[in-house]
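Student: Input protein07.tsv, format and content: TSV, C-alpha atoms.
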chain	number	residue	atom	x	y	z
A	221	MET	CA	16.55	-5.41	-19.91
A	222	MET	CA	15.22	-5.45	-16.37
A	223	ASP	CA	17.28	-7.58	-14.00
A	224	THR	CA	14.25	-9.08	-12.26
A	225	LYS	CA	11.85	-11.43	-14.02
A	226	THR	CA	8.49	-9.74	-14.43
A	227	ALA	CA	4.82	-10.63	-14.49
A	228	VAL	CA	3.44	-8.45	-17.27
A	229	ALA	CA	-0.19	-7.30	-17.55
A	230	LEU	CA	-0.95	-6.45	-21.18
A	231	GLY	CA	-3.66	-4.06	-22.33
A	232	ILE	CA	-4.72	-0.54	-23.20
A	233	PHE	CA	-6.26	-0.17	-19.71
A	234	ASP	CA	-8.32	2.87	-20.67
A	235	GLY	CA	-10.32	3.50	-17.53
A	236	VAL	CA	-8.69	0.67	-15.55
A	237	HIS	CA	-12.09	-0.95	-14.97
A	238	LEU	CA	-13.03	-4.21	-13.22
A	239	GLY	CA	-12.02	-6.32	-16.23
A	240	HIS	CA	-8.62	-4.62	-16.36
A	241	ARG	CA	-8.22	-4.99	-12.61
A	242	ALA	CA	-8.73	-8.76	-12.93
A	243	VAL	CA	-5.80	-8.90	-15.38
A	244	LEU	CA	-3.70	-6.69	-13.10
A	245	ALA	CA	-4.56	-8.82	-10.06
A	246	ALA	CA	-3.36	-11.96	-11.86
A	247	ALA	CA	-0.02	-10.25	-12.51
A	248	ALA	CA	0.21	-8.87	-8.96
A	249	GLU	CA	-0.37	-12.36	-7.55
A	250	GLN	CA	2.90	-13.49	-9.14
A	251	LYS	CA	4.81	-11.38	-6.63
A	252	LYS	CA	4.60	-14.38	-4.28
A	253	ASN	CA	6.56	-16.32	-6.92
A	254	GLY	CA	9.34	-13.74	-6.99
A	255	LEU	CA	8.18	-11.91	-10.12
A	256	SER	CA	7.86	-8.14	-10.29
A	257	PRO	CA	4.35	-7.14	-11.49
A	258	ASN	CA	4.48	-4.60	-14.30
A	259	VAL	CA	2.15	-3.21	-16.93
A	260	PHE	CA	2.67	-2.81	-20.64
A	261	THR	CA	0.16	-0.35	-22.02
A	262	PHE	CA	-0.25	2.39	-24.60
A	263	SER	CA	-0.37	6.16	-24.27
A	264	PRO	CA	-4.06	7.10	-24.42
A	265	LYS	CA	-3.24	9.84	-26.91
A	266	THR	CA	-1.96	7.29	-29.42
A	267	ALA	CA	-3.92	4.12	-28.66
A	268	ALA	CA	-6.59	3.01	-31.11
A	269	LEU	CA	-9.56	3.55	-28.81
A	270	LYS	CA	-13.09	2.72	-29.88
A	271	GLY	CA	-15.48	5.65	-30.09
A	272	ALA	CA	-14.86	9.30	-30.79
A	273	SER	CA	-15.56	10.58	-27.27
A	274	GLY	CA	-11.93	10.36	-26.15
A	275	PHE	CA	-9.88	8.41	-23.65
A	276	ILE	CA	-11.00	8.09	-20.04
A	277	TYR	CA	-7.75	8.58	-18.13
A	278	SER	CA	-4.56	10.46	-18.96
A	279	ASP	CA	-1.07	8.95	-18.55
A	280	SER	CA	-0.65	10.43	-15.06
A	281	GLU	CA	-4.08	9.24	-13.92
A	282	LYS	CA	-3.45	5.72	-15.23
A	283	LYS	CA	-0.02	5.61	-13.58
A	284	LEU	CA	-1.52	6.62	-10.23
A	285	ILE	CA	-4.13	3.85	-10.39
A	286	LEU	CA	-1.83	1.15	-11.77
A	287	GLU	CA	1.03	1.69	-9.35
A	288	ASN	CA	-0.68	3.06	-6.23
A	289	GLU	CA	-3.90	1.05	-6.26
A	290	CYS	CA	-3.34	-2.11	-8.32
A	291	GLY	CA	-0.03	-3.28	-6.91
A	292	MET	CA	2.12	-2.75	-9.98
A	293	ASP	CA	5.83	-2.12	-9.43
A	294	GLY	CA	6.06	-0.14	-12.66
A	295	SER	CA	4.46	0.56	-16.01
A	296	PHE	CA	5.75	0.69	-19.57
A	297	THR	CA	3.76	3.13	-21.69
A	298	ALA	CA	4.38	3.07	-25.44
A	299	ASP	CA	3.18	5.22	-28.29
A	300	PHE	CA	0.91	3.06	-30.42
A	301	SER	CA	2.61	4.42	-33.55
A	302	GLU	CA	5.92	2.94	-32.39
A	303	ILE	CA	4.50	-0.53	-31.84
A	304	CYS	CA	1.73	-1.00	-34.42
A	305	ASP	CA	4.02	-2.05	-37.30
A	306	LEU	CA	5.84	-4.76	-35.32
A	307	ASP	CA	4.87	-8.32	-36.19
A	308	GLY	CA	3.75	-10.51	-33.32
A	309	GLU	CA	7.02	-12.30	-32.75
A	310	THR	CA	9.06	-9.08	-32.82
A	311	PHE	CA	6.73	-7.56	-30.23
A	312	VAL	CA	7.21	-10.59	-28.01
A	313	SER	CA	10.98	-10.93	-28.45
A	314	ASP	CA	11.94	-7.23	-28.43
A	315	ILE	CA	9.40	-5.81	-25.98
A	316	LEU	CA	8.22	-8.56	-23.64
A	317	VAL	CA	11.41	-10.61	-23.47
A	318	ASP	CA	14.38	-8.33	-24.21
A	319	ASN	CA	12.99	-5.14	-22.69
A	320	ILE	CA	10.68	-6.23	-19.86
A	321	ASN	CA	12.16	-9.69	-19.08
A	322	ALA	CA	8.76	-11.36	-18.87
A	323	GLY	CA	8.43	-14.64	-17.02
A	324	PHE	CA	4.63	-14.43	-16.88
A	325	VAL	CA	2.22	-12.59	-19.18
A	326	CYS	CA	-1.47	-11.95	-18.48
A	327	CYS	CA	-4.16	-10.43	-20.72
A	328	GLY	CA	-7.84	-10.54	-21.53
A	329	ARG	CA	-9.10	-13.31	-23.82
A	330	ASN	CA	-9.69	-10.82	-26.62
A	331	PHE	CA	-6.25	-9.23	-26.50
A	332	ARG	CA	-4.68	-8.71	-29.95
A	333	PHE	CA	-1.15	-7.75	-30.87
A	334	GLY	CA	1.19	-7.60	-33.85
A	335	LYS	CA	0.75	-5.65	-37.07
A	336	ASP	CA	-2.92	-5.33	-38.07
A	337	ALA	CA	-3.83	-7.15	-34.81
A	338	SER	CA	-2.79	-10.38	-36.50
A	339	CYS	CA	-2.04	-12.31	-33.29
A	340	GLY	CA	-4.17	-13.32	-30.33
A	341	VAL	CA	-4.02	-15.49	-27.24
A	342	GLU	CA	-3.18	-18.72	-29.11
A	343	GLU	CA	-0.15	-17.11	-30.73
A	344	LEU	CA	0.89	-15.57	-27.41
A	345	ILE	CA	0.80	-19.01	-25.73
A	346	ALA	CA	2.92	-20.46	-28.55
A	347	PHE	CA	5.45	-17.63	-28.23
A	348	GLY	CA	5.48	-18.16	-24.48
A	349	LYS	CA	6.53	-21.77	-24.91
A	350	GLU	CA	9.26	-20.68	-27.33
A	351	TYR	CA	10.60	-17.78	-25.27
A	352	GLY	CA	10.08	-19.20	-21.80
A	353	PHE	CA	7.18	-17.34	-20.21
A	354	GLU	CA	3.83	-18.51	-18.87
A	355	VAL	CA	0.61	-17.05	-20.28
A	356	CYS	CA	-2.59	-16.41	-18.30
A	357	THR	CA	-5.87	-15.18	-19.77
A	358	VAL	CA	-8.73	-13.57	-17.88
A	359	ASP	CA	-12.42	-13.67	-18.81
A	360	GLU	CA	-14.57	-10.57	-19.24
A	361	VAL	CA	-16.19	-9.24	-16.08
A	362	VAL	CA	-19.99	-8.95	-16.08
A	363	TYR	CA	-21.83	-6.57	-13.75
A	364	LYS	CA	-25.60	-7.13	-13.42
A	365	GLY	CA	-25.78	-8.75	-16.83
A	366	GLN	CA	-23.66	-6.16	-18.65
A	367	VAL	CA	-20.09	-6.72	-19.80
A	368	VAL	CA	-17.78	-4.19	-18.15
A	369	SER	CA	-15.98	-2.24	-20.88
A	370	SER	CA	-14.35	1.13	-21.47
A	371	THR	CA	-16.97	1.84	-24.14
A	372	ALA	CA	-19.79	1.37	-21.62
A	373	ILE	CA	-17.99	3.57	-19.08
A	374	ARG	CA	-17.57	6.35	-21.64
A	375	GLU	CA	-21.29	6.28	-22.31
A	376	LEU	CA	-22.07	6.44	-18.59
A	377	LEU	CA	-19.73	9.40	-18.06
A	378	LEU	CA	-21.24	11.27	-21.00
A	379	GLU	CA	-24.66	10.71	-19.38
A	380	GLY	CA	-23.38	11.97	-16.03
A	381	ASN	CA	-24.06	8.57	-14.45
A	382	VAL	CA	-20.93	8.56	-12.32
A	383	LYS	CA	-22.54	6.25	-9.74
A	384	LYS	CA	-22.84	3.38	-12.21
A	385	ALA	CA	-19.50	4.25	-13.81
A	386	ALA	CA	-17.94	3.77	-10.35
A	387	LYS	CA	-19.39	0.24	-10.19
A	388	PHE	CA	-17.70	-0.59	-13.51
A	389	LEU	CA	-14.43	1.16	-12.63
A	390	GLY	CA	-14.18	-0.34	-9.17
A	391	GLU	CA	-13.89	3.16	-7.69
A	392	PRO	CA	-15.31	6.63	-8.47
A	393	TYR	CA	-14.17	8.31	-11.69
A	394	MET	CA	-11.38	10.70	-10.82
A	395	LEU	CA	-9.34	13.62	-12.06
A	396	PHE	CA	-5.66	13.80	-11.14
A	397	SER	CA	-3.89	16.81	-12.59
A	398	LYS	CA	-2.29	20.12	-11.69
A	399	VAL	CA	-4.33	23.01	-10.38
A	400	VAL	CA	-4.13	25.86	-12.87
A	401	HIS	CA	-4.95	29.55	-12.64
A	402	GLY	CA	-8.39	30.58	-13.82
A	403	ALA	CA	-10.28	33.85	-14.02
A	404	ALA	CA	-10.80	33.80	-10.20
A	405	ILE	CA	-14.54	34.28	-10.70
A	406	GLY	CA	-15.30	31.73	-7.97
A	407	GLN	CA	-13.19	33.78	-5.58
A	408	THR	CA	-15.23	36.91	-6.29
A	409	LEU	CA	-18.45	34.94	-5.74
A	410	GLY	CA	-17.25	33.68	-2.37
A	411	PHE	CA	-16.59	30.15	-3.54
A	412	PRO	CA	-12.93	29.82	-4.60
A	413	THR	CA	-12.25	26.82	-6.80
A	414	ALA	CA	-9.33	24.64	-7.84
A	415	ASN	CA	-9.28	24.49	-11.63
A	416	GLN	CA	-8.13	21.45	-13.61
A	417	VAL	CA	-8.00	21.12	-17.38
A	418	PHE	CA	-8.66	17.95	-19.34
A	419	ALA	CA	-5.87	16.54	-21.48
A	420	GLU	CA	-6.14	16.96	-25.23
A	421	GLY	CA	-8.29	14.13	-26.57
A	422	GLN	CA	-9.62	13.19	-23.13
A	423	LEU	CA	-13.30	12.47	-22.58
A	424	VAL	CA	-15.13	15.21	-20.70
A	425	PRO	CA	-18.03	13.94	-18.54
A	426	LYS	CA	-21.48	15.47	-18.87
A	427	TYR	CA	-21.42	19.19	-18.19
A	428	GLY	CA	-22.86	20.00	-14.81
A	429	VAL	CA	-22.37	20.00	-11.06
A	430	TYR	CA	-21.19	16.96	-9.10
A	431	LYS	CA	-20.79	15.99	-5.48
A	432	SER	CA	-17.12	15.09	-5.15
A	433	VAL	CA	-14.33	14.17	-2.74
A	434	THR	CA	-10.92	15.83	-3.03
A	435	SER	CA	-7.60	14.50	-1.76
A	436	ILE	CA	-4.83	16.98	-0.98
A	437	GLY	CA	-1.63	15.80	0.64
A	438	GLY	CA	-3.32	12.69	1.99
A	439	ARG	CA	-6.26	14.60	3.49
A	440	LEU	CA	-9.82	14.11	2.22
A	441	PHE	CA	-12.27	16.99	1.82
A	442	SER	CA	-15.92	17.10	0.83
A	443	SER	CA	-16.20	19.13	-2.34
A	444	MET	CA	-18.35	20.25	-5.25
A	445	THR	CA	-17.11	20.06	-8.83
A	446	ASN	CA	-18.48	21.90	-11.82
A	447	ILE	CA	-17.57	20.58	-15.26
A	448	GLY	CA	-18.31	22.77	-18.23
A	449	THR	CA	-17.67	26.07	-19.95
A	450	LYS	CA	-19.16	28.54	-17.40
A	451	PRO	CA	-21.81	29.89	-19.80
A	452	THR	CA	-22.92	32.70	-17.48
A	453	VAL	CA	-19.51	34.35	-17.17
A	454	ASN	CA	-17.33	32.83	-19.89
A	455	ASP	CA	-17.62	32.30	-23.64
A	456	ASP	CA	-14.31	30.77	-24.71
A	457	GLY	CA	-15.97	27.36	-24.97
A	458	LYS	CA	-13.15	25.39	-23.32
A	459	PRO	CA	-14.35	22.88	-20.72
A	460	LEU	CA	-12.63	22.51	-17.38
A	461	ALA	CA	-13.30	21.13	-13.92
A	462	GLU	CA	-13.68	23.66	-11.10
A	463	THR	CA	-13.79	22.25	-7.57
A	464	TYR	CA	-14.89	24.09	-4.45
A	465	ILE	CA	-13.15	22.30	-1.55
A	466	ASP	CA	-15.05	22.62	1.70
A	467	GLY	CA	-12.90	23.45	4.71
A	468	PHE	CA	-9.66	23.93	2.79
A	469	SER	CA	-7.60	27.07	2.45
A	470	GLY	CA	-4.14	27.35	1.00
A	471	ASP	CA	-2.17	27.80	-2.18
A	472	ILE	CA	-2.27	24.66	-4.33
A	473	TYR	CA	-1.53	26.19	-7.74
A	474	GLY	CA	0.78	23.90	-9.66
A	475	ARG	CA	0.13	20.93	-7.35
A	476	LYS	CA	-1.60	17.76	-8.47
A	477	ILE	CA	-4.78	16.96	-6.60
A	478	GLN	CA	-7.18	14.05	-6.93
A	479	VAL	CA	-10.87	14.78	-7.34
A	480	LYS	CA	-13.37	11.89	-7.34
A	481	LEU	CA	-16.87	12.45	-8.73
A	482	ILE	CA	-19.48	10.82	-6.48
A	483	GLU	CA	-22.88	11.92	-7.74
A	484	PHE	CA	-24.39	14.13	-10.46
A	485	ILE	CA	-26.37	17.03	-8.96
A	486	ARG	CA	-27.63	19.06	-11.91
A	487	PRO	CA	-26.80	19.90	-15.54
A	488	GLU	CA	-24.92	23.03	-16.57
A	489	MET	CA	-27.17	26.10	-16.77
A	490	LYS	CA	-26.90	29.67	-17.95
A	491	PHE	CA	-28.26	32.22	-15.49
A	492	ALA	CA	-29.72	35.63	-16.22
A	493	SER	CA	-27.38	37.34	-13.77
A	494	VAL	CA	-24.30	36.73	-11.65
A	495	SER	CA	-26.43	37.11	-8.51
A	496	GLU	CA	-28.66	34.22	-9.63
A	497	LEU	CA	-25.54	32.17	-10.33
A	498	LYS	CA	-24.24	32.90	-6.82
A	499	LYS	CA	-27.53	31.77	-5.24
A	500	GLN	CA	-27.45	28.53	-7.21
A	501	ILE	CA	-23.80	27.85	-6.32
A	502	SER	CA	-24.65	28.32	-2.63
A	503	LYS	CA	-27.47	25.80	-3.01
A	504	ASP	CA	-25.20	23.36	-4.90
A	505	VAL	CA	-22.53	23.57	-2.20
A	506	ARG	CA	-25.09	22.76	0.52
A	507	THR	CA	-26.25	19.75	-1.51
A	508	ALA	CA	-22.74	18.54	-2.24
A	509	VAL	CA	-21.18	18.86	1.20
A	510	LYS	CA	-24.38	18.25	3.22
A	511	ARG	CA	-24.05	21.25	5.45
Show how you would write the structure in this file as structure tokens.
Tutor:
Amino acid sequence: MMDTKTAVALGIFDGVHLGHRAVLAAAAEQKKNGLSPNVFTFSPKTAALKGASGFIYSDSEKKLILENECGMDGSFTADFSEICDLDGETFVSDILVDNINAGFVCCGRNFRFGKDASCGVEELIAFGKEYGFEVCTVDEVVYKGQVVSSTAIRELLLEGNVKKAAKFLGEPYMLFSKVVHGAAIGQTLGFPTANQVFAEGQLVPKYGVYKSVTSIGGRLFSSMTNIGTKPTVNDDGKPLAETYIDGFSGDIYGRKIQVKLIEFIRPEMKFASVSELKKQISKDVRTAVKR
């Protein structure tokens, strides 16, 4: 058990959108009452997410947002398979009380827990009275008449509408993962890129070219990101994100970098020749970094 009493934000937090951030803010506010704000969530690979398009953020991306941007002191990430068979009271007593030492618990009004999602907010309030923690619920967030949800954000990302997705997320959609070695084709074309792969089961935004901003070691760079399978020069069919970082030079293989997608420029295209591809990349870079 944690020594300090905690304020626990409960949820899947796929995407960490405005609705999630309202729950997190309620937990973070309890810091003034001496409680340590923490998150209990599920690994995106095991959570029962709606839709077949995949989860929005990986474990490392969620951790970065939850702890660095939303004021959480820590996060507890569980495999859904390890929790789903627990009845409601066991979840509360073993996880929230014995493991996390909850003094305050916050969730959305539609939060469900316990085997077969048998318990909701009313049961959580009753357990809180029994086990000695306060319960807070947060209403859904509505943006311009539309309920903010992970499902809506997935649809926007699949459409390439990263501008609207950013409104729902509270910040631009981002990638935060290690830079991996690629075929170095960008290098031969004069536009070296930092390559990032998507986690297994993760949603891949609409294939195409995006204006982006890249953070490396605390420094921000204008950049251009291509998401797709490189149909002109590659046929293995595996999507990845390739980012040309304007004004940066250095070895960042194996380092984690953050790339935020700002605006969709054009869809993925197959060119008749590598020279045509190079001309288009040059044009895309000018558009993305506003040279």
Student: Listing only residues of segment 242-334 of chain A within 9 Å of segment 372-386 of chain A, what is the closest atom pair and its distance in Å (to one decimal) for each, using only C-alpha atoms, sorted by chain and residue number ascending, as a Markdown table?
Tutor:
| residue | atom | partner | partner_atom | distance |
| --- | --- | --- | --- | --- |
| A:Gly271 | CA | A:Arg374 | CA | 8.7 |
| A:Ser273 | CA | A:Arg374 | CA | 7.3 |
| A:Gly274 | CA | A:Arg374 | CA | 8.3 |
| A:Phe275 | CA | A:Arg374 | CA | 8.2 |
| A:Ile276 | CA | A:Arg374 | CA | 7.0 |
Student: So how far away is atom CA of Val259 of chain A from atom CA of Ser295 of chain A, in Å?
Tutor: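 Taking atom CA of Ser295 of chain A and atom CA of Val259 of chain A, their separation equals 4.5 Å.
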Student: Name the closest residue to Ser443 of chain A among the candidates A:Lys498, A:Gln478, A:Ala247, A:Val505; distances are taken between atoms, counting all atoms listed in the file.
Tutor: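 For Ser443 of chain A, the nearest of the given residues is A:Val505.
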Student: Quote the spacing between atom CA of Asn253 of chain A and atom CA of Leu286 of chain A in Å to one decimal place.
Tutor: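 Computing the Euclidean distance for atom CA of Asn253 of chain A and atom CA of Leu286 of chain A yields 20.0 Å.
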Student: With all atoms listed in the file as the basis for distance, which of A:Arg486, A:Thr357, A:Val368, A:Leu344 is at the shortest distance from Gln500 of chain A?
Tutor: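 Among A:Arg486, A:Thr357, A:Val368, A:Leu344, it is A:Arg486 that comes nearest to Gln500 of chain A.
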Student: Got a sec: who's within 6 Å of Val325 of chain A, counting all atoms listed in the file, leaving out chain neighbours fewer than 5 positions off, as a list in words?
Tutor: Ala227, Val228 and Val355 of chain A
Student: Considering all atoms listed in the file, give me a table of residues in segment 391-441 of chain A that are at most 6 Å from segment 455-477 of chain A, with the closest atom pair and distance in Å for each, as a Markdown table.
Tutor:
| residue | atom | partner | partner_atom | distance |
| --- | --- | --- | --- | --- |
| A:Phe396 | CA | A:Ile477 | CA | 5.6 |
| A:Ser397 | CA | A:Lys476 | CA | 4.8 |
| A:Lys398 | CA | A:Lys476 | CA | 4.1 |
| A:Val399 | CA | A:Tyr473 | CA | 5.0 |
| A:Val400 | CA | A:Tyr473 | CA | 5.8 |
| A:Thr413 | CA | A:Tyr464 | CA | 4.5 |
| A:Ala414 | CA | A:Thr463 | CA | 5.1 |
| A:Asn415 | CA | A:Glu462 | CA | 4.5 |
| A:Gln416 | CA | A:Ala461 | CA | 5.2 |
| A:Val417 | CA | A:Leu460 | CA | 4.8 |
| A:Ile436 | CA | A:Ile477 | CA | 5.6 |
Student: Mind listing whatever residues come within 8 Å of the point (-14.6, 15.2, 0.2)? Use all atoms listed in the file, file coordinates, and give them as a PyMOL selection string.
Tutor: chain A and resi 432-435+440-443+465-466+509
Student: Listed atoms of segment 308-316 of chain A, axis-aligned box, 4 Å per side: centre and edge lengths to one decimal in Å, as JSON?
Tutor:
{"center_x": 7.8, "center_y": -9.1, "center_z": -28.5, "size_x": 16.2, "size_y": 14.5, "size_z": 17.7}
Student: Report, in Å with one decimal, the straight-line distance from atom CA of Gly438 of chain A to atom CA of Lys282 of chain A.
Tutor: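 Going from atom CA of Gly438 of chain A over to atom CA of Lys282 of chain A, I get 18.6 Å.
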Student: Given the choices A:Gly448, A:Pro412, A:Gly348, A:Gly231, which gets closest to Phe331 of chain A if the distance is worked out from all atoms listed in the file?
Tutor: A:Gly231
Student: Please list as a list in words every residue within 9 Å of Cys304 of chain A, counting all atoms listed in the file and excluding residues in the same chain fewer than 6 positions away.
Tutor: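 Returned residues: Phe333, Gly334, Lys335, Asp336 and Ala337 of chain A.
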